[in-house]
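Undergrad: Here you go, this is query.cif (mmCIF, C-alpha atoms).
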```cif
data_final
#
loop_
_atom_site.label_atom_id
_atom_site.label_comp_id
_atom_site.auth_asym_id
_atom_site.auth_seq_id
_atom_site.Cartn_x
_atom_site.Cartn_y
_atom_site.Cartn_z
CA MET A 7 -78.78 -51.80 -53.87
CA ALA A 8 -82.41 -50.91 -54.34
CA ARG A 9 -83.39 -47.74 -52.51
CA TYR A 10 -86.95 -48.87 -51.89
CA SER A 11 -88.71 -52.19 -51.93
CA PRO A 12 -90.48 -52.79 -55.29
CA SER A 13 -93.98 -52.05 -54.01
CA ILE A 14 -92.87 -48.77 -52.43
CA ALA A 15 -90.94 -47.79 -55.56
CA LYS A 16 -94.09 -48.48 -57.61
CA LEU A 17 -96.20 -46.35 -55.27
CA VAL A 18 -93.71 -43.47 -55.45
CA ALA A 19 -93.71 -43.71 -59.26
CA GLU A 20 -97.52 -43.70 -59.45
CA LEU A 21 -97.86 -40.75 -57.07
CA GLY A 22 -95.19 -38.88 -59.01
CA LYS A 23 -97.39 -38.98 -62.12
CA LEU A 24 -99.95 -36.71 -60.46
CA PRO A 25 -99.84 -33.05 -61.51
CA GLY A 26 -97.80 -30.85 -59.20
CA ILE A 27 -96.33 -33.83 -57.33
CA GLY A 28 -92.57 -34.10 -57.84
CA ASN A 29 -90.37 -36.96 -56.77
CA LYS A 30 -89.77 -35.61 -53.24
CA SER A 31 -93.49 -35.00 -52.63
CA ALA A 32 -94.28 -38.44 -53.99
CA GLN A 33 -91.88 -40.03 -51.49
CA ARG A 34 -93.35 -37.98 -48.68
CA LEU A 35 -96.90 -38.97 -49.61
CA ALA A 36 -95.91 -42.62 -50.03
CA PHE A 37 -94.36 -42.87 -46.57
CA HIS A 38 -97.30 -41.01 -45.10
CA LEU A 39 -99.67 -43.59 -46.61
CA LEU A 40 -97.52 -46.50 -45.43
CA ALA A 41 -97.71 -45.17 -41.88
CA GLN A 42 -101.53 -44.91 -41.94
CA PRO A 43 -103.90 -47.60 -40.65
CA LEU A 44 -104.89 -50.01 -43.44
CA GLU A 45 -108.55 -48.98 -43.42
CA ARG A 46 -107.73 -45.32 -44.03
CA VAL A 47 -105.53 -46.24 -46.97
CA GLU A 48 -108.27 -48.50 -48.35
CA SER A 49 -110.73 -45.68 -47.94
CA LEU A 50 -108.55 -43.43 -50.14
CA ALA A 51 -108.00 -46.12 -52.77
CA ASN A 52 -111.71 -46.92 -52.87
CA ALA A 53 -112.65 -43.25 -53.13
CA ILE A 54 -110.36 -42.97 -56.17
CA LEU A 55 -111.79 -46.07 -57.86
CA GLU A 56 -115.38 -45.33 -56.93
CA ALA A 57 -115.25 -41.73 -58.16
CA ARG A 58 -113.55 -42.68 -61.41
CA ARG A 59 -115.87 -45.62 -62.09
CA SER A 60 -119.15 -43.91 -61.27
CA THR A 61 -118.40 -40.60 -62.90
CA ARG A 62 -119.50 -39.89 -66.45
CA LEU A 63 -120.54 -36.84 -68.47
CA CYS A 64 -124.05 -35.48 -68.13
CA SER A 65 -125.73 -36.06 -71.49
CA VAL A 66 -127.19 -32.56 -71.34
CA CYS A 67 -124.46 -30.23 -70.07
CA CYS A 68 -121.35 -32.47 -70.28
CA ASN A 69 -120.47 -31.80 -66.62
CA LEU A 70 -119.01 -34.68 -64.59
CA THR A 71 -121.74 -36.46 -62.68
CA ASP A 72 -122.74 -39.80 -61.23
CA LYS A 73 -126.36 -39.38 -62.27
CA ASP A 74 -127.57 -38.60 -65.77
CA PRO A 75 -128.83 -35.93 -66.22
CA CYS A 76 -126.75 -34.23 -63.55
CA GLU A 77 -128.19 -32.64 -60.44
CA ILE A 78 -128.09 -29.17 -61.94
CA CYS A 79 -129.74 -30.13 -65.24
CA ALA A 80 -132.36 -32.21 -63.41
CA GLY A 81 -132.82 -29.65 -60.65
CA SER A 82 -136.02 -27.71 -60.20
CA GLY A 83 -135.53 -24.08 -59.35
CA ARG A 84 -132.90 -23.54 -62.03
CA GLU A 85 -133.42 -20.80 -64.59
CA ARG A 86 -133.75 -22.72 -67.87
CA THR A 87 -133.37 -19.66 -70.04
CA GLN A 88 -129.66 -19.22 -69.34
CA ILE A 89 -126.71 -21.43 -70.21
CA CYS A 90 -123.32 -20.57 -68.82
CA VAL A 91 -120.53 -22.02 -70.97
CA VAL A 92 -117.36 -22.93 -69.04
CA GLU A 93 -114.12 -24.70 -69.84
CA ASN A 94 -114.18 -27.45 -67.24
CA PRO A 95 -116.10 -28.99 -64.33
CA ARG A 96 -114.02 -27.10 -61.74
CA ASP A 97 -115.38 -23.88 -63.22
CA VAL A 98 -118.94 -25.07 -62.61
CA ALA A 99 -118.01 -25.66 -58.96
CA ALA A 100 -116.46 -22.17 -58.79
CA MET A 101 -119.63 -20.61 -60.26
CA GLU A 102 -121.86 -22.54 -57.89
CA ARG A 103 -119.87 -21.20 -54.94
CA ILE A 104 -121.00 -17.61 -55.60
CA HIS A 105 -124.63 -18.71 -55.07
CA GLU A 106 -125.85 -16.07 -57.52
CA TYR A 107 -126.19 -17.81 -60.82
CA LYS A 108 -129.31 -19.95 -61.05
CA GLY A 109 -129.16 -20.95 -64.71
CA LEU A 110 -127.78 -24.03 -66.45
CA TYR A 111 -124.26 -24.83 -67.59
CA HIS A 112 -122.42 -26.26 -70.53
CA VAL A 113 -118.94 -27.69 -69.99
CA LEU A 114 -116.67 -27.51 -73.05
CA HIS A 115 -113.88 -29.68 -71.58
CA GLY A 116 -111.24 -27.48 -73.10
CA VAL A 117 -110.80 -24.46 -75.32
CA ILE A 118 -109.94 -24.06 -78.96
CA SER A 119 -106.16 -23.97 -79.17
CA PRO A 120 -104.62 -24.36 -82.63
CA LEU A 121 -101.14 -24.59 -81.08
CA GLN A 122 -102.17 -27.72 -79.20
CA ASN A 123 -104.18 -29.06 -82.13
CA ILE A 124 -107.46 -28.56 -80.31
CA GLY A 125 -110.10 -27.41 -82.78
CA PRO A 126 -113.84 -26.81 -82.32
CA ASP A 127 -114.47 -30.54 -82.79
CA GLN A 128 -112.24 -31.55 -79.90
CA ILE A 129 -114.33 -29.69 -77.34
CA LYS A 130 -118.02 -30.17 -76.47
CA LEU A 131 -119.18 -27.45 -78.86
CA ARG A 132 -121.27 -29.61 -81.15
CA GLU A 133 -123.18 -30.73 -78.03
CA LEU A 134 -123.87 -27.10 -77.14
CA LEU A 135 -125.22 -26.32 -80.61
CA ALA A 136 -127.41 -29.42 -80.64
CA ARG A 137 -128.71 -28.45 -77.25
CA LEU A 138 -129.59 -24.94 -78.35
CA ARG A 139 -131.44 -26.39 -81.34
CA THR A 140 -133.68 -28.60 -79.16
CA GLU A 141 -134.08 -26.49 -76.00
CA ASP A 142 -136.10 -23.54 -77.22
CA LEU A 143 -136.40 -21.93 -73.79
CA VAL A 144 -132.81 -20.66 -73.88
CA SER A 145 -132.63 -16.91 -74.31
CA GLU A 146 -129.07 -16.20 -73.19
CA VAL A 147 -125.72 -17.94 -73.52
CA ILE A 148 -123.15 -16.61 -71.06
CA LEU A 149 -119.61 -17.26 -72.22
CA ALA A 150 -117.51 -17.82 -69.11
CA THR A 151 -114.34 -19.30 -70.56
CA ASN A 152 -111.14 -18.08 -68.88
CA PRO A 153 -109.77 -14.68 -69.91
CA THR A 154 -106.73 -16.25 -71.56
CA VAL A 155 -105.90 -15.97 -75.25
CA GLU A 156 -107.53 -19.33 -75.98
CA GLY A 157 -110.51 -18.66 -73.72
CA GLU A 158 -111.17 -15.31 -75.39
CA ALA A 159 -110.82 -16.77 -78.86
CA THR A 160 -113.17 -19.63 -77.98
CA ALA A 161 -115.74 -17.16 -76.62
CA LEU A 162 -115.56 -15.08 -79.79
CA TYR A 163 -115.82 -18.19 -81.94
CA ILE A 164 -118.96 -19.37 -80.12
CA ALA A 165 -120.48 -15.86 -80.19
CA ARG A 166 -120.04 -15.74 -83.95
CA LEU A 167 -121.61 -19.21 -84.35
CA LEU A 168 -124.65 -18.20 -82.31
CA LYS A 169 -125.26 -14.87 -84.02
CA PRO A 170 -127.54 -16.29 -86.78
CA ALA A 171 -129.58 -18.22 -84.20
CA ASN A 172 -130.61 -14.92 -82.64
CA ILE A 173 -129.70 -15.95 -79.09
CA LYS A 174 -128.36 -13.25 -76.82
CA THR A 175 -124.71 -14.02 -76.19
CA THR A 176 -122.89 -12.41 -73.29
CA ARG A 177 -119.36 -12.54 -71.95
CA ILE A 178 -118.51 -12.34 -68.26
CA ALA A 179 -116.81 -9.06 -67.40
CA HIS A 180 -113.10 -8.79 -67.10
CA GLY A 181 -113.16 -8.24 -63.39
CA ILE A 182 -111.02 -11.35 -63.36
CA PRO A 183 -107.40 -10.36 -64.02
CA MET A 184 -106.24 -11.22 -67.55
CA GLY A 185 -104.17 -14.38 -67.63
CA GLY A 186 -105.88 -15.52 -64.44
CA ASP A 187 -107.85 -18.65 -63.84
CA LEU A 188 -111.58 -18.76 -63.08
CA GLU A 189 -111.03 -21.52 -60.59
CA TYR A 190 -108.82 -19.36 -58.40
CA ALA A 191 -110.87 -16.17 -58.51
CA ASP A 192 -112.35 -15.10 -55.19
CA GLU A 193 -116.13 -15.04 -54.91
CA VAL A 194 -116.46 -11.24 -55.06
CA THR A 195 -114.41 -10.92 -58.24
CA LEU A 196 -116.34 -13.75 -59.80
CA ALA A 197 -119.68 -12.21 -58.78
CA ARG A 198 -118.58 -8.86 -60.27
CA ALA A 199 -117.60 -10.55 -63.46
CA MET A 200 -121.05 -12.11 -63.71
CA GLU A 201 -122.75 -8.81 -62.91
CA GLY A 202 -120.87 -6.80 -65.52
CA ARG A 203 -121.42 -9.19 -68.43
CA ARG A 204 -122.10 -7.57 -71.82
CA GLU A 205 -123.49 -8.62 -75.14
CA ILE A 206 -120.80 -9.42 -77.70
CA MET B 20 -127.25 -27.37 -54.49
CA ALA B 21 -124.40 -29.81 -54.12
CA ARG B 22 -121.19 -28.50 -55.62
CA TYR B 23 -119.95 -31.94 -56.56
CA SER B 24 -121.56 -35.31 -56.97
CA PRO B 25 -121.18 -37.46 -53.81
CA SER B 26 -118.41 -39.68 -55.18
CA ILE B 27 -116.37 -36.68 -56.34
CA ALA B 28 -116.91 -34.91 -53.01
CA LYS B 29 -115.70 -38.06 -51.22
CA LEU B 30 -112.61 -38.24 -53.43
CA VAL B 31 -111.78 -34.56 -52.81
CA ALA B 32 -112.21 -35.13 -49.05
CA GLU B 33 -109.93 -38.19 -49.08
CA LEU B 34 -107.23 -36.46 -51.12
CA GLY B 35 -107.45 -33.43 -48.84
CA LYS B 36 -106.39 -35.60 -45.88
CA LEU B 37 -102.95 -36.11 -47.41
CA PRO B 38 -100.16 -33.98 -45.96
CA GLY B 39 -99.47 -30.80 -47.90
CA ILE B 40 -102.62 -31.17 -50.01
CA GLY B 41 -105.11 -28.38 -49.33
CA ASN B 42 -108.67 -28.19 -50.58
CA LYS B 43 -107.76 -26.53 -53.91
CA SER B 44 -105.01 -29.06 -54.65
CA ALA B 45 -107.35 -31.88 -53.71
CA GLN B 46 -109.92 -30.63 -56.24
CA ARG B 47 -107.26 -30.29 -58.90
CA LEU B 48 -105.97 -33.81 -58.26
CA ALA B 49 -109.52 -35.21 -58.20
CA PHE B 50 -110.44 -33.74 -61.57
CA HIS B 51 -107.12 -34.82 -62.98
CA LEU B 52 -107.84 -38.40 -61.91
CA LEU B 53 -111.39 -38.27 -63.28
CA ALA B 54 -110.01 -37.24 -66.67
CA GLN B 55 -107.52 -40.14 -66.78
CA PRO B 56 -108.18 -43.48 -68.50
CA LEU B 57 -109.67 -46.01 -66.07
CA GLU B 58 -106.64 -48.32 -66.18
CA ARG B 59 -104.26 -45.55 -65.11
CA VAL B 60 -106.48 -44.70 -62.18
CA GLU B 61 -106.73 -48.37 -61.23
CA SER B 62 -102.97 -48.63 -61.45
CA LEU B 63 -102.61 -45.81 -58.90
CA ALA B 64 -105.24 -47.25 -56.56
CA ASN B 65 -103.66 -50.69 -56.75
CA ALA B 66 -100.18 -49.33 -56.12
CA ILE B 67 -101.49 -47.66 -52.98
CA LEU B 68 -103.20 -50.82 -51.70
CA GLU B 69 -100.42 -53.15 -52.74
CA ALA B 70 -97.69 -51.05 -51.12
CA ARG B 71 -99.64 -50.61 -47.90
CA ARG B 72 -100.63 -54.27 -47.67
CA SER B 73 -97.26 -55.78 -48.49
CA THR B 74 -95.14 -53.39 -46.45
CA ARG B 75 -94.13 -54.21 -42.91
CA LEU B 76 -91.20 -53.43 -40.66
CA CYS B 77 -88.00 -55.41 -41.03
CA SER B 78 -87.64 -57.46 -37.84
CA VAL B 79 -83.95 -56.54 -37.69
CA CYS B 80 -83.63 -52.84 -38.55
CA CYS B 81 -87.30 -51.69 -38.43
CA ASN B 82 -87.07 -50.21 -41.93
CA LEU B 83 -90.13 -50.53 -44.18
CA THR B 84 -89.82 -53.56 -46.42
CA ASP B 85 -91.83 -56.18 -48.26
CA LYS B 86 -89.37 -58.95 -47.38
CA ASP B 87 -88.24 -59.84 -43.89
CA PRO B 88 -85.37 -59.32 -43.21
CA CYS B 89 -85.11 -56.36 -45.59
CA GLU B 90 -82.80 -56.25 -48.58
CA ILE B 91 -80.17 -54.29 -46.69
CA CYS B 92 -80.13 -56.53 -43.60
CA ALA B 93 -80.14 -59.66 -45.78
CA GLY B 94 -77.66 -58.22 -48.28
CA SER B 95 -74.21 -59.61 -48.67
CA GLY B 96 -71.51 -57.01 -49.10
CA ARG B 97 -72.80 -54.87 -46.24
CA GLU B 98 -70.41 -53.94 -43.45
CA ARG B 99 -71.96 -55.65 -40.41
CA THR B 100 -69.84 -53.77 -37.90
CA GLN B 101 -71.65 -50.44 -38.35
CA ILE B 102 -75.21 -49.46 -37.57
CA CYS B 103 -76.47 -46.07 -38.69
CA VAL B 104 -79.42 -44.92 -36.55
CA VAL B 105 -81.93 -42.71 -38.39
CA GLU B 106 -85.32 -41.24 -37.62
CA ASN B 107 -87.36 -42.63 -40.51
CA PRO B 108 -87.27 -44.74 -43.68
CA ARG B 109 -86.82 -41.68 -45.92
CA ASP B 110 -83.51 -41.06 -44.16
CA VAL B 111 -82.34 -44.56 -45.11
CA ALA B 112 -83.16 -43.75 -48.74
CA ALA B 113 -81.25 -40.45 -48.46
CA MET B 114 -78.21 -42.26 -47.01
CA GLU B 115 -78.32 -44.93 -49.70
CA ARG B 116 -78.30 -42.25 -52.38
CA ILE B 117 -74.78 -41.14 -51.40
CA HIS B 118 -73.48 -44.65 -52.25
CA GLU B 119 -70.77 -44.37 -49.62
CA TYR B 120 -72.13 -45.98 -46.52
CA LYS B 121 -72.01 -49.77 -46.65
CA GLY B 122 -73.09 -50.60 -43.11
CA LEU B 123 -76.48 -51.47 -41.65
CA TYR B 124 -79.28 -49.23 -40.41
CA HIS B 125 -81.70 -48.91 -37.57
CA VAL B 126 -84.88 -46.91 -38.06
CA LEU B 127 -86.28 -45.31 -34.90
CA HIS B 128 -89.60 -44.21 -36.44
CA GLY B 129 -89.51 -40.95 -34.56
CA VAL B 130 -87.50 -39.05 -31.99
CA ILE B 131 -87.92 -38.54 -28.28
CA SER B 132 -90.12 -35.49 -27.84
CA PRO B 133 -91.56 -34.89 -24.37
CA LEU B 134 -93.73 -32.04 -25.71
CA GLN B 135 -95.50 -34.50 -28.01
CA ASN B 136 -95.56 -37.24 -25.39
CA ILE B 137 -93.07 -39.36 -27.29
CA GLY B 138 -90.73 -41.06 -24.87
CA PRO B 139 -87.99 -43.67 -25.44
CA ASP B 140 -90.61 -46.43 -25.42
CA GLN B 141 -92.58 -44.91 -28.30
CA ILE B 142 -89.68 -45.21 -30.75
CA LYS B 143 -87.82 -48.34 -31.85
CA LEU B 144 -85.08 -47.92 -29.26
CA ARG B 145 -85.71 -51.14 -27.33
CA GLU B 146 -85.27 -52.97 -30.65
CA LEU B 147 -81.89 -51.28 -31.16
CA LEU B 148 -80.68 -52.28 -27.70
CA ALA B 149 -81.86 -55.87 -28.13
CA ARG B 150 -80.09 -55.98 -31.47
CA LEU B 151 -76.81 -54.72 -30.03
CA ARG B 152 -77.06 -57.38 -27.32
CA THR B 153 -77.38 -60.22 -29.86
CA GLU B 154 -75.26 -58.99 -32.78
CA ASP B 155 -71.78 -59.00 -31.35
CA LEU B 156 -70.10 -57.92 -34.58
CA VAL B 157 -71.20 -54.29 -34.17
CA SER B 158 -68.32 -51.98 -33.31
CA GLU B 159 -69.79 -48.57 -34.17
CA VAL B 160 -73.19 -46.94 -33.86
CA ILE B 161 -73.53 -43.82 -36.01
CA LEU B 162 -76.23 -41.48 -34.73
CA ALA B 163 -77.75 -39.78 -37.75
CA THR B 164 -80.91 -38.27 -36.29
CA ASN B 165 -81.74 -34.81 -37.62
CA PRO B 166 -79.95 -31.79 -36.11
CA THR B 167 -83.15 -30.51 -34.49
CA VAL B 168 -83.66 -30.09 -30.76
CA GLU B 169 -85.40 -33.48 -30.55
CA GLY B 170 -82.93 -35.19 -32.87
CA GLU B 171 -79.98 -33.93 -30.85
CA ALA B 172 -81.57 -34.92 -27.56
CA THR B 173 -82.37 -38.39 -28.91
CA ALA B 174 -78.78 -38.83 -30.12
CA LEU B 175 -77.43 -37.80 -26.71
CA TYR B 176 -79.86 -40.12 -24.95
CA ILE B 177 -78.82 -43.10 -27.08
CA ALA B 178 -75.10 -42.25 -26.71
CA ARG B 179 -75.50 -42.26 -22.94
CA LEU B 180 -77.35 -45.62 -23.02
CA LEU B 181 -74.61 -47.23 -25.11
CA LYS B 182 -71.73 -45.94 -23.03
CA PRO B 183 -71.63 -48.91 -20.60
CA ALA B 184 -71.78 -51.38 -23.53
CA ASN B 185 -68.44 -50.08 -24.74
CA ILE B 186 -69.59 -49.58 -28.31
CA LYS B 187 -68.10 -46.66 -30.22
CA THR B 188 -70.84 -44.10 -30.73
CA THR B 189 -70.45 -41.33 -33.31
CA ARG B 190 -72.61 -38.44 -34.46
CA ILE B 191 -72.73 -37.21 -38.07
CA ALA B 192 -71.04 -33.83 -38.59
CA HIS B 193 -72.99 -30.59 -38.64
CA GLY B 194 -71.77 -27.54 -40.47
CA ILE B 195 -72.25 -25.38 -43.51
CA PRO B 196 -73.92 -27.39 -46.28
CA MET B 197 -71.86 -27.83 -49.45
CA GLY B 198 -72.67 -25.03 -51.86
CA GLY B 199 -74.05 -23.07 -48.93
CA ASP B 200 -73.11 -19.55 -48.01
CA LEU B 201 -71.36 -18.66 -44.76
CA GLU B 202 -73.13 -15.34 -44.74
CA TYR B 203 -76.57 -16.95 -44.65
CA ALA B 204 -75.78 -19.75 -42.20
CA ASP B 205 -77.49 -19.42 -38.84
CA GLU B 206 -75.35 -18.88 -35.75
CA VAL B 207 -75.79 -22.38 -34.37
CA THR B 208 -74.74 -24.00 -37.64
CA LEU B 209 -71.74 -21.72 -37.94
CA ALA B 210 -70.74 -22.42 -34.35
CA ARG B 211 -70.99 -26.16 -35.08
CA ALA B 212 -68.92 -25.77 -38.23
CA MET B 213 -66.18 -23.99 -36.24
CA GLU B 214 -66.35 -26.56 -33.48
CA GLY B 215 -65.98 -29.43 -35.92
CA ARG B 216 -63.12 -27.93 -37.88
CA ARG B 217 -60.32 -30.22 -38.97
CA GLU B 218 -56.77 -29.84 -40.05
CA ILE B 219 -56.33 -30.04 -43.83
#
```
Mind converting the file's structure to structure tokens?

TA:
Amino acid sequence: MARYSPSIAKLVAELGKLPGIGNKSAQRLAFHLLAQPLERVESLANAILEARRSTRLCSVCCNLTDKDPCEICAGSGRERTQICVVENPRDVAAMERIHEYKGLYHVLHGVISPLQNIGPDQIKLRELLARLRTEDLVSEVILATNPTVEGEATALYIARLLKPANIKTTRIAHGIPMGGDLEYADEVTLARAMEGRREI
Amino acid sequence: MARYSPSIAKLVAELGKLPGIGNKSAQRLAFHLLAQPLERVESLANAILEARRSTRLCSVCCNLTDKDPCEICAGSGRERTQICVVENPRDVAAMERIHEYKGLYHVLHGVISPLQNIGPDQIKLRELLARLRTEDLVSEVILATNPTVEGEATALYIARLLKPANIKTTRIAHGIPMGGDLEYADEVTLARAMEGRREI
């Protein structure tokens, strides 16, 4: 005897593929959705499709955006001499929340991780180098990858690459606990980390 | 400066409306979805719409189904003399998982809760009574609402309603869960376990 009707079973299976959603949570979410008015459920489904379809990478900084170049790259009032290099788009959002950094970003979409077969070519590093070659205003590259083994190694790797180009390269301070995640740092810690950055 | 592009902000907001999904989880889910291939994202969105659109209540037992009557009510090989009354469709799934109960179900879609303004008319109780009036095979109604204050009160209320109809009404046993520890059981549970003791 089937436990759920096919369409409910399919929904539970799809929800269960999301990160951090186990089978029990998937069932709970599924029955929650089934009990909602149709228009609210459609609104969720459309938000998912719309966001996925309209989102692409900014051709300048590789952040997720629905306009190209993204709002930050196109924005007036941004300091065009600084580029803050982060691992992923969530880190840009975290940085923007401190309301202190006014420069530009570059999103790597990952870190160098030999164990997972992710080399310098699998992240948006080439794009960063090309950008530094054409944008001659840039005077500082702030390396804000996470303070994990891979994040540190990636920062060092980029610092070494940029040395000959004579661009000041800084690393955010380790006010963030080692092994932590930029995304979950509180604003004060993150602001401290920005403040205490040093040349490497 | 907007933290996210409008379509991403909308997606985060929609995901954040789900139960148990806070703002941080919603962001994490959103960026996970944005990094997925388009067809996987469409598959999720379609599963949501399809399940919500095709699901209705079984006209017999009020369980969620995409066929009417539902698979259980229409199924051969079910014991038509027993009706197990549960609070919600997830409870039917839980019962079916034990593979022991072969009777029918009735889903109340809630419990009587005066504090939340949910009276007997707000749950599928009228449907149960109508069903018992027409289906004359039924010889036992098993009350399997949760052992909460509201669940208990609802079970008692239904038992009292069915008394004149001369239908056997039973309540599932409460006691120490299997694998549980007597030492950590709360007083009420322990009292129930003593009360319900049986000769072995």

Undergrad: Find, counting only C-alpha atoms, the residue in A:Gly28, A:Ala57, A:Asn172, A:Gly22 that gets nearest to chain B.

TA: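 Smallest distance to chain B is found for A:Ala57.
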
Undergrad: On this structure, which residues satisfy the PyMOL selection byres ((chain A and resi 175-180) around 10), written as JSON, numbers by chain?

TA: {"A": [88, 89, 90, 91, 145, 146, 147, 148, 149, 150, 151, 152, 153, 158, 161, 162, 164, 165, 166, 168, 169, 172, 173, 174, 181, 182, 183, 184, 195, 196, 197, 198, 199, 200, 201, 202, 203, 204, 205, 206]}

Undergrad: Residues of chain A within 6 Å of chain B, counting only C-alpha atoms, what are they? List them as a list in words.

TA: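 The answer, sorted by residue number, is Arg9, Ser11, Ser13, Ile14, Leu17, Glu20, Leu40, Leu50, Ala51, Ala53, Ile54, Ala57, Arg58, Thr71 and Ala99 of chain A.
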
Undergrad: Hey, can you check how far CA of Leu147 in chain B sits from CA of Cys81 in chain B?

TA: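 These atoms are spaced 9.1 Å apart.
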
Undergrad: Could you superimpose chain A onto chain B using every C-alpha atom, matched in order, and tell me the RMSD in Å?

TA: 5.4 Å

Undergrad: Of the candidates B:Val105, B:Leu123, B:Leu148, B:Val207, which one gets nearest to Pro88 in chain B if we count all atoms listed in the file?

TA: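 Of B:Val105, B:Leu123, B:Leu148, B:Val207, the one nearest Pro88 in chain B is B:Leu123, counting all atoms listed in the file.
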
Undergrad: Please supply range 114-129 of chain A, rebuilt with N, CA and C atoms, as an mmCIF file, keeping the file's coordinate frame.

TA:
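Final output, rebuild37.cif:
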```
data_model
loop_
_atom_site.group_PDB
_atom_site.id
_atom_site.type_symbol
_atom_site.label_atom_id
_atom_site.label_comp_id
_atom_site.auth_asym_id
_atom_site.auth_seq_id
_atom_site.Cartn_x
_atom_site.Cartn_y
_atom_site.Cartn_z
ATOM 1 N N LEU A 114 -117.338 -27.268 -71.760
ATOM 2 C CA LEU A 114 -116.670 -27.510 -73.050
ATOM 3 C C LEU A 114 -115.584 -28.579 -72.955
ATOM 4 N N HIS A 115 -115.041 -28.799 -71.758
ATOM 5 C CA HIS A 115 -113.880 -29.680 -71.580
ATOM 6 C C HIS A 115 -112.719 -29.257 -72.453
ATOM 7 N N GLY A 116 -112.377 -27.983 -72.344
ATOM 8 C CA GLY A 116 -111.240 -27.480 -73.100
ATOM 9 C C GLY A 116 -111.581 -26.180 -73.803
ATOM 10 N N VAL A 117 -110.599 -25.646 -74.495
ATOM 11 C CA VAL A 117 -110.800 -24.460 -75.320
ATOM 12 C C VAL A 117 -110.130 -24.703 -76.662
ATOM 13 N N ILE A 118 -110.566 -23.947 -77.649
ATOM 14 C CA ILE A 118 -109.940 -24.060 -78.960
ATOM 15 C C ILE A 118 -108.515 -23.543 -78.863
ATOM 16 N N SER A 119 -107.565 -24.357 -79.270
ATOM 17 C CA SER A 119 -106.160 -23.970 -79.170
ATOM 18 C C SER A 119 -105.397 -24.576 -80.336
ATOM 19 N N PRO A 120 -105.270 -23.828 -81.432
ATOM 20 C CA PRO A 120 -104.620 -24.360 -82.630
ATOM 21 C C PRO A 120 -103.200 -24.862 -82.337
ATOM 22 N N LEU A 121 -102.513 -24.198 -81.403
ATOM 23 C CA LEU A 121 -101.140 -24.590 -81.080
ATOM 24 C C LEU A 121 -101.084 -25.988 -80.487
ATOM 25 N N GLN A 122 -102.148 -26.378 -79.780
ATOM 26 C CA GLN A 122 -102.170 -27.720 -79.200
ATOM 27 C C GLN A 122 -103.060 -28.654 -80.006
ATOM 28 N N ASN A 123 -103.352 -28.234 -81.242
ATOM 29 C CA ASN A 123 -104.180 -29.060 -82.130
ATOM 30 C C ASN A 123 -105.564 -29.340 -81.554
ATOM 31 N N ILE A 124 -106.100 -28.389 -80.810
ATOM 32 C CA ILE A 124 -107.460 -28.560 -80.310
ATOM 33 C C ILE A 124 -108.365 -27.619 -81.090
ATOM 34 N N GLY A 125 -109.173 -28.197 -81.967
ATOM 35 C CA GLY A 125 -110.100 -27.410 -82.780
ATOM 36 C C GLY A 125 -111.482 -27.465 -82.173
ATOM 37 N N PRO A 126 -112.463 -26.833 -82.827
ATOM 38 C CA PRO A 126 -113.840 -26.810 -82.320
ATOM 39 C C PRO A 126 -114.421 -28.217 -82.136
ATOM 40 N N ASP A 127 -113.916 -29.190 -82.899
ATOM 41 C CA ASP A 127 -114.470 -30.540 -82.790
ATOM 42 C C ASP A 127 -113.917 -31.314 -81.603
ATOM 43 N N GLN A 128 -112.818 -30.831 -81.024
ATOM 44 C CA GLN A 128 -112.240 -31.550 -79.900
ATOM 45 C C GLN A 128 -112.849 -31.108 -78.560
ATOM 46 N N ILE A 129 -113.664 -30.078 -78.577
ATOM 47 C CA ILE A 129 -114.330 -29.690 -77.340
ATOM 48 C C ILE A 129 -115.843 -29.918 -77.506
#
```
